[in-house]
Protein chains: 4
Amino acid sequence: MIGIGVVGYGYWGPNLARCISETDGCRLASIADFSPAARKRAAGRYPAAEIVETWGDLIADPQVDAVVVATPTRQHFDIALAALRAGKHVLVEKPMASSSREAVILIEEAEKRGLVLMVDHTFVYTGAVQKIRELVTSGAVGEIFYYDSTRINLGLFQSDVNVIWDLAVHDLAILDFVLDTCPLAVSATGAGHIKGSPENMAHITYYLEGGATAHFNVNWLAPVKIRQTLIGGSRRMIVYDDVEPSEKVKVYDRGVSIDGETDLPGSTEALNRMRLNYRMGDIWTPQLSVKEALLSEVEHFVQCVENRVKPMTSGLSGLRVVTLLEGATQSLGRRGQPVEFAGMREAS
Amino acid sequence: MIGIGVVGYGYWGPNLARCISETDGCRLASIADFSPAARKRAAGRYPAAEIVETWGDLIADPQVDAVVVATPTRQHFDIALAALRAGKHVLVEKPMASSSREAVILIEEAEKRGLVLMVDHTFVYTGAVQKIRELVTSGAVGEIFYYDSTRINLGLFQSDVNVIWDLAVHDLAILDFVLDTCPLAVSATGAGHIKGSPENMAHITYYLEGGATAHFNVNWLAPVKIRQTLIGGSRRMIVYDDVEPSEKVKVYDRGVSIDGETDLPGSTEALNRMRLNYRMGDIWTPQLSVKEALLSEVEHFVQCVENRVKPMTSGLSGLRVVTLLEGATQSLGRRGQPVEFAGMREAS
Amino acid sequence: MIGIGVVGYGYWGPNLARCISETDGCRLASIADFSPAARKRAAGRYPAAEIVETWGDLIADPQVDAVVVATPTRQHFDIALAALRAGKHVLVEKPMASSSREAVILIEEAEKRGLVLMVDHTFVYTGAVQKIRELVTSGAVGEIFYYDSTRINLGLFQSDVNVIWDLAVHDLAILDFVLDTCPLAVSATGAGHIKGSPENMAHITYYLEGGATAHFNVNWLAPVKIRQTLIGGSRRMIVYDDVEPSEKVKVYDRGVSIDGETDLPGSTEALNRMRLNYRMGDIWTPQLSVKEALLSEVEHFVQCVENRVKPMTSGLSGLRVVTLLEGATQSLGRRGQPVEFAGMREAS
Amino acid sequence: MIGIGVVGYGYWGPNLARCISETDGCRLASIADFSPAARKRAAGRYPAAEIVETWGDLIADPQVDAVVVATPTRQHFDIALAALRAGKHVLVEKPMASSSREAVILIEEAEKRGLVLMVDHTFVYTGAVQKIRELVTSGAVGEIFYYDSTRINLGLFQSDVNVIWDLAVHDLAILDFVLDTCPLAVSATGAGHIKGSPENMAHITYYLEGGATAHFNVNWLAPVKIRQTLIGGSRRMIVYDDVEPSEKVKVYDRGVSIDGETDLPGSTEALNRMRLNYRMGDIWTPQLSVKEALLSEVEHFVQCVENRVKPMTSGLSGLRVVTLLEGATQSLGRRGQPVEFAGMREAS
């Protein structure tokens, strides 16, 4: 029975605590939060758990075998590092850290001590994303041409990070899981519309190995909520719409192939059309697992800790995502000037 | 009664011919096409019109007072210039020309001779775009924060121009009409997935005067058809969905305003939220004119010719659009490196 | 080459004329309409056709081998009967006649003379309905449980027939084609909201052989346009949404089967749930033929005339539909009191 | 501080318990359920509440001032009657009772003792339904022409009641709240497709005073989930789509008015169209309160108990709904034969 402590009982922490309390093989040992109101809510809901004020106390608790870090991003590094140094396994919120340098230090610390370091890339554990990876790795999609995602709504503006670190982080975690690919460069544009606030809108293009591209449209100031990803491949194309209540993933047997150029002179029509074959086939909407993603993720964490195996969303995937965020933020500050990724291959 | 000749009876020419035949104050005098099949179709449909092989013959016809150019883009300049030099008014397909240099020559020629030069920016004449301009210029939207458009489908690949010249041209024409703004720079990314074919997918960001941005997502290789534009303003936001059969324009009384930062320590929630007021008000879907846009446009052209006035979509708007296309294509070739627009202010 | 004459050049006649003019093996010989304006439009569009005022003249024309009747319903019988008596094949608009008695007379007349009598049940010739019939007859849907259709919008009120004869006629023609079934009884309710106008809203339930039901919701006074049909079967279920631009037919691998009742006492949950297995499988959206239905139908008519074979939508199907309309109208006048169909079996 | 006891901790009871625990002015005093598993869940979640096995014990508890009845329908009457006789206020699940006779007895018992008797017509307390009533009573909709609702999905089959008592009860409660009208008669059709199970599909039409009709389409065996209500009025029309995450209520400024018949002879078009004016105006989507309906309802119940006032969803509204359910079930058994409501006027 693994004792788990949760640091941070604000927005996401309660969900983690609930899933821990519903998972076999672990128990919710402790919750830490600076806020008295948060501690009161936690105590009312979980009378059997220790409720403490500081994460230092939580980490020091011998009943705590593993620490879940659900605080604002800028605190991830300090808390996770202290936990690892105290010999505790760690599940840390996304983005894993404020910089790739910090992420590397955490990975090395976990490696050295033989501890599990996992990042809460929740979407990876949804039925939808699992199905998409299956479709991509089985070859059903063919060669990947592009990945194009839109994640916008009238959202909760963050004061400490820009919209890329808040919203694109979800999509980069999905991309990292679904494609076995290596970004070579990034170009990002965007703007901030609220004085004194970081950029609340961005468009980011990653150039991937093999000629594919991945684009992310993120926006905190949109009138409507859109959560849509298109994946274009040489054999099939996928539309993943997370706002859809049940038909989230659709597979389109559609595409185009080339036959050769026409050389018939004369017709204004023939002159500017190539000899392309358009394939307009059926659409298939697979039934998806409806198990709660966070519950699957906590179960996976517990199993990784029990068996000392590397999680699906390990520290390395967290590092790759943070590296992609850093590059995008750099380019964003230079109006889209491309930024190259040097060391991405090694992080894979 | 203005005699109008149509050059090119391929994809779009028949629509122009039909609208000319249905408009008072003008008559369809002549149709030119290199293709015998196209000429046969034209003759069957319009027994009263002259049907000729070359645009030279059409321009030389004294019954032709105005020439409509509906050929592939690379022929626009030669035909339009010859028509103007022969003293004919011109309505030319979009994009107006293959380069801004060509566009300038056409404008100067028309100016010199006192002839009407109009560009077929069809969307400008739709009830939807007219309503959007009304909303923007009346102040209902407030300060414009962004313009974000998606125009994708499994489309007709073009062999002579990339997807920007084929699809983004529509949205740039709308942008030019709706906003009185001046692009300062552009960053564009994209890729071509069919060997030997130009880029079939692009994402383009324009930086506008006053801090606003305009983004365009265009793609010939998408599994679904999306025609959606979001306009974010300080007072209201607009969603324009051209795939919707009737509810194309929705006005959202939504937005965000800032109160000041919180400085309450302690709560993990309070720490990373600013004091923003989110306004979630009503949505309004105005009834739009359902008159066919191309018919309104042909009527407008005839009135401009009759009264020698400058059209809503004059040569200058055509030049601005071509300049934006040129800049985007330049940046596209350099992986998003920004390209500055020097002379845009003068073209306005 | 079959010469075809079209009686009525109002709303639907021009579509029939266009399809005839585009079909091999026939020619548009003549058009008749009382209205001078309609005749002028017809003459401008089809200079080679005879344009006459009365249907008597059209039928008398020896160049006319087959007559298409596209007039208001109350005139169908007189015109079709005169055409048949003059030895002409007939394609008549739906509903075929104003009463089943009239329909029987037409069928007998055509039978006696060996002429083709076809009813314009256009939807039967769409790719969507053809696919649905294929799914039903192949057994993919299993035993049919129900057919449930909604056809509503803010529509063109008719002064001479109620909404059932105007809208439900489409759905009854589809039902008749898709299911090999026999209605036993009908219960219909409805109301008229515009003074002096027939019922503009109705809900109709047919009881079919074998326990299935078919329901039709039709309404001229609805704020939105809905064209949706659900077909529930023991193996699969179909949703046919005709407003969808491309994904019109979806096949759901969903259903329910029973295991036996629970008899566990105690739980308030267990007490009122049976032991049912819910099957929630994939959804499949087949690609459909995009050929214009009316064109396919005119081609079919020409082939039937050439080869003297019975059409898919013969006079008998027209009779069955008229009989169903009569029954519904009777029940509608009695607030849903059921009306039995006696002779339906024979009409099949 | 009102002590509330909840009888039944199966599907809906936990939601009621949670709302009671979050409402000021009351406390969750006791929970009763036959099932040991249910009692265990209740005890874990609410350590401060009494957890008992029988509703008799709960009613006998002096700490319980009011009883919430969340059991299967057939037990409502016995439990509610015993609670009232013990001097407890009652909030009972819908449908209020198994028959109108039972409902009348409960109303009289509560009346006699001066106790609050409220029915859990939850939808009445949603922002959507509150807004719809406001639109109807303010005259914005004009004269009501019809109410047409669809509530279908692949649902939880009930073994003890047919689909009308399970699904239509929601819509009848909404109808009863929104319209001040009196049903005169009902015609219902339907079918059961699972052997040994009650009808799982029904279409019900109520004839209302003043010529309006209300129709309900309910189905447990549909492939898709639809929750849509159309309300047609002489001035405006409403579409209420409860599946929509945020834009649930839309108000259409659309309708039709009559001018008089045309009498122009000759045109086949003019002959069968009346002189109707179609109004196609704007659409307005009001922002709705997003407060949880059940929470508002529990607050209302507490206030009614504190102040001894009649609730919005009193026993009388429960009685009217049960009467409508009885009539529909009667007609359903007779293939749509209409059933008249005699005493509805008195129940209002």
# chains A, B, ... in the order shown; residues from 1 in each chain; ligands from 1
>>> interface_residues(of="chain A", to="chain C", cutoff="7 Å", atoms="only C-alpha atoms", output="count of residues only")
8
>>> select_by_dssp(residues="range 126-168 of chain D", states="helix (DSSP H, G or I)", output="list in words")
Gly127, Ala128, Val129, Gln130, Lys131, Ile132, Arg133, Glu134, Leu135, Val136, Thr137, Val163, Ile164, Trp165, Asp166, Leu167 and Ala168 of chain D
>>> select_by_dssp(residues="range 74-217 of chain B", states="strand (DSSP E)", output="ChimeraX atom specification")
/B:89-93,117-120,144-154,183-191,201-208,213-217
>>> closest_residue(among="C:Leu81, C:Leu221, C:Ile31, C:Val256", to="Leu58 in chain C", atoms="only C-alpha atoms")
C:Ile31
>>> residues_around(residues="Val68 in chain A", least_positions_apart="6", cutoff="8 Å", atoms="only C-alpha atoms", output="PyMOL selection string")
chain A and resi 4-7+90-93
>>> write_last_selection(atoms="all heavy atoms", output="short mmCIF file (atom, residue, chain, number, x, y, z; two decimals), in the first residue's frame")
data_model
loop_
_atom_site.label_atom_id
_atom_site.label_comp_id
_atom_site.auth_asym_id
_atom_site.auth_seq_id
_atom_site.Cartn_x
_atom_site.Cartn_y
_atom_site.Cartn_z
N ILE A 4 0.40 8.22 -0.56
CA ILE A 4 0.61 9.33 -1.49
C ILE A 4 0.23 10.64 -0.81
O ILE A 4 -0.81 10.73 -0.15
CB ILE A 4 -0.20 9.14 -2.79
CG1 ILE A 4 0.17 7.81 -3.46
CG2 ILE A 4 0.03 10.29 -3.74
CD1 ILE A 4 -0.49 7.56 -4.79
N GLY A 5 1.09 11.66 -0.99
CA GLY A 5 0.79 13.00 -0.52
C GLY A 5 0.57 13.94 -1.69
O GLY A 5 1.28 13.86 -2.69
N VAL A 6 -0.44 14.81 -1.55
CA VAL A 6 -0.76 15.75 -2.61
C VAL A 6 -0.40 17.15 -2.15
O VAL A 6 -0.92 17.62 -1.13
CB VAL A 6 -2.26 15.68 -2.97
CG1 VAL A 6 -2.63 16.77 -3.97
CG2 VAL A 6 -2.62 14.30 -3.50
N VAL A 7 0.48 17.82 -2.90
CA VAL A 7 0.84 19.21 -2.59
C VAL A 7 0.03 20.13 -3.49
O VAL A 7 0.17 20.08 -4.71
CB VAL A 7 2.35 19.45 -2.79
CG1 VAL A 7 2.69 20.89 -2.39
CG2 VAL A 7 3.17 18.45 -1.99
N VAL A 90 7.67 10.69 -7.61
CA VAL A 90 7.02 11.97 -7.89
C VAL A 90 6.12 11.88 -9.13
O VAL A 90 6.52 11.34 -10.16
CB VAL A 90 8.08 13.08 -8.10
CG1 VAL A 90 7.44 14.33 -8.71
CG2 VAL A 90 8.74 13.44 -6.77
N LEU A 91 4.93 12.42 -8.97
CA LEU A 91 4.03 12.68 -10.11
C LEU A 91 3.80 14.17 -10.12
O LEU A 91 3.23 14.73 -9.17
CB LEU A 91 2.70 11.94 -9.92
CG LEU A 91 1.55 12.30 -10.89
CD1 LEU A 91 1.95 12.10 -12.34
CD2 LEU A 91 0.31 11.47 -10.58
N VAL A 92 4.28 14.84 -11.19
CA VAL A 92 4.25 16.30 -11.21
C VAL A 92 3.33 16.80 -12.32
O VAL A 92 3.26 16.23 -13.40
CB VAL A 92 5.69 16.86 -11.34
CG1 VAL A 92 6.37 16.42 -12.64
CG2 VAL A 92 5.68 18.38 -11.24
N GLU A 93 2.61 17.88 -11.99
CA GLU A 93 1.72 18.53 -12.94
C GLU A 93 2.49 18.99 -14.17
O GLU A 93 3.70 19.19 -14.11
CB GLU A 93 1.10 19.78 -12.30
CG GLU A 93 -0.26 19.58 -11.73
CD GLU A 93 -1.10 18.85 -12.71
OE1 GLU A 93 -1.52 19.44 -13.70
OE2 GLU A 93 -1.35 17.65 -12.48
#
>>> residues_around(residues="range 111-125 of chain B", least_positions_apart="4", cutoff="8 Å", atoms="only C-alpha atoms", output="PyMOL selection string")
chain B and resi 84+87-96+107+129-130+170+173-174+177+293-294+296-297+301+304-305+308-311+313-315+317-318
>>> atom_distance(atom1="CA of Val298 in chain A", atom2="CA of Ala97 in chain A")
20.0 Å
>>> atom_distance(atom1="CA of Leu28 in chain B", atom2="CA of Leu28 in chain C")
25.6 Å
>>> residues_around(residues="Ala212 in chain B", least_positions_apart="3", cutoff="6 Å", atoms="only C-alpha atoms", output="ChimeraX atom specification")
/B:145-146,208
>>> residues_around(residues="Val218 in chain D", least_positions_apart="5", cutoff="6 Å", atoms="only C-alpha atoms", output="list in words")
Arg151, Ile152, Met201 and Ala202 of chain D
>>> write_last_selection(atoms="N, CA, C and O atoms", output="compact mmCIF listing (two decimals), in the first residue's frame")
# COMPACT_ATOMS: atom_id res chain seq x y z
N ARG D 151 -37.12 13.76 -26.58
CA ARG D 151 -36.21 13.35 -25.50
C ARG D 151 -35.90 11.88 -25.73
O ARG D 151 -36.62 10.99 -25.28
N ILE D 152 -34.82 11.61 -26.45
CA ILE D 152 -34.49 10.24 -26.83
C ILE D 152 -33.01 9.96 -26.61
O ILE D 152 -32.18 10.86 -26.65
N MET D 201 -40.92 3.40 -26.38
CA MET D 201 -40.98 4.46 -27.38
C MET D 201 -42.40 4.95 -27.46
O MET D 201 -43.34 4.14 -27.52
N ALA D 202 -42.60 6.27 -27.45
CA ALA D 202 -43.96 6.79 -27.54
C ALA D 202 -43.96 8.18 -28.16
O ALA D 202 -42.97 8.92 -28.07
>>> decode(residues="range 3-27 of chain C", atoms="C-alpha atoms", output="mmCIF file, in the first residue's frame")
data_model
loop_
_atom_site.group_PDB
_atom_site.id
_atom_site.type_symbol
_atom_site.label_atom_id
_atom_site.label_comp_id
_atom_site.auth_asym_id
_atom_site.auth_seq_id
_atom_site.Cartn_x
_atom_site.Cartn_y
_atom_site.Cartn_z
ATOM 1 C CA GLY C 3 -39.744 13.137 -76.969
ATOM 2 C CA ILE C 4 -40.816 14.373 -73.546
ATOM 3 C CA GLY C 5 -43.290 17.117 -72.751
ATOM 4 C CA VAL C 6 -43.377 18.900 -69.385
ATOM 5 C CA VAL C 7 -46.715 20.219 -68.113
ATOM 6 C CA GLY C 8 -46.182 22.969 -65.528
ATOM 7 C CA TYR C 9 -43.136 25.280 -65.509
ATOM 8 C CA GLY C 10 -43.535 26.691 -62.010
ATOM 9 C CA TYR C 11 -41.378 25.556 -59.081
ATOM 10 C CA TRP C 12 -40.344 21.998 -59.920
ATOM 11 C CA GLY C 13 -40.951 21.882 -63.674
ATOM 12 C CA PRO C 14 -37.748 23.786 -64.546
ATOM 13 C CA ASN C 15 -35.686 21.178 -62.661
ATOM 14 C CA LEU C 16 -37.353 18.356 -64.570
ATOM 15 C CA ALA C 17 -36.837 20.217 -67.855
ATOM 16 C CA ARG C 18 -33.132 20.736 -67.120
ATOM 17 C CA CYS C 19 -32.602 17.074 -66.252
ATOM 18 C CA ILE C 20 -34.446 15.965 -69.387
ATOM 19 C CA SER C 21 -32.254 18.286 -71.466
ATOM 20 C CA GLU C 22 -29.133 16.706 -69.917
ATOM 21 C CA THR C 23 -30.186 13.067 -70.334
ATOM 22 C CA ASP C 24 -29.211 10.867 -73.274
ATOM 23 C CA GLY C 25 -31.928 9.026 -75.147
ATOM 24 C CA CYS C 26 -34.576 11.685 -74.778
ATOM 25 C CA ARG C 27 -35.214 15.256 -75.811
#
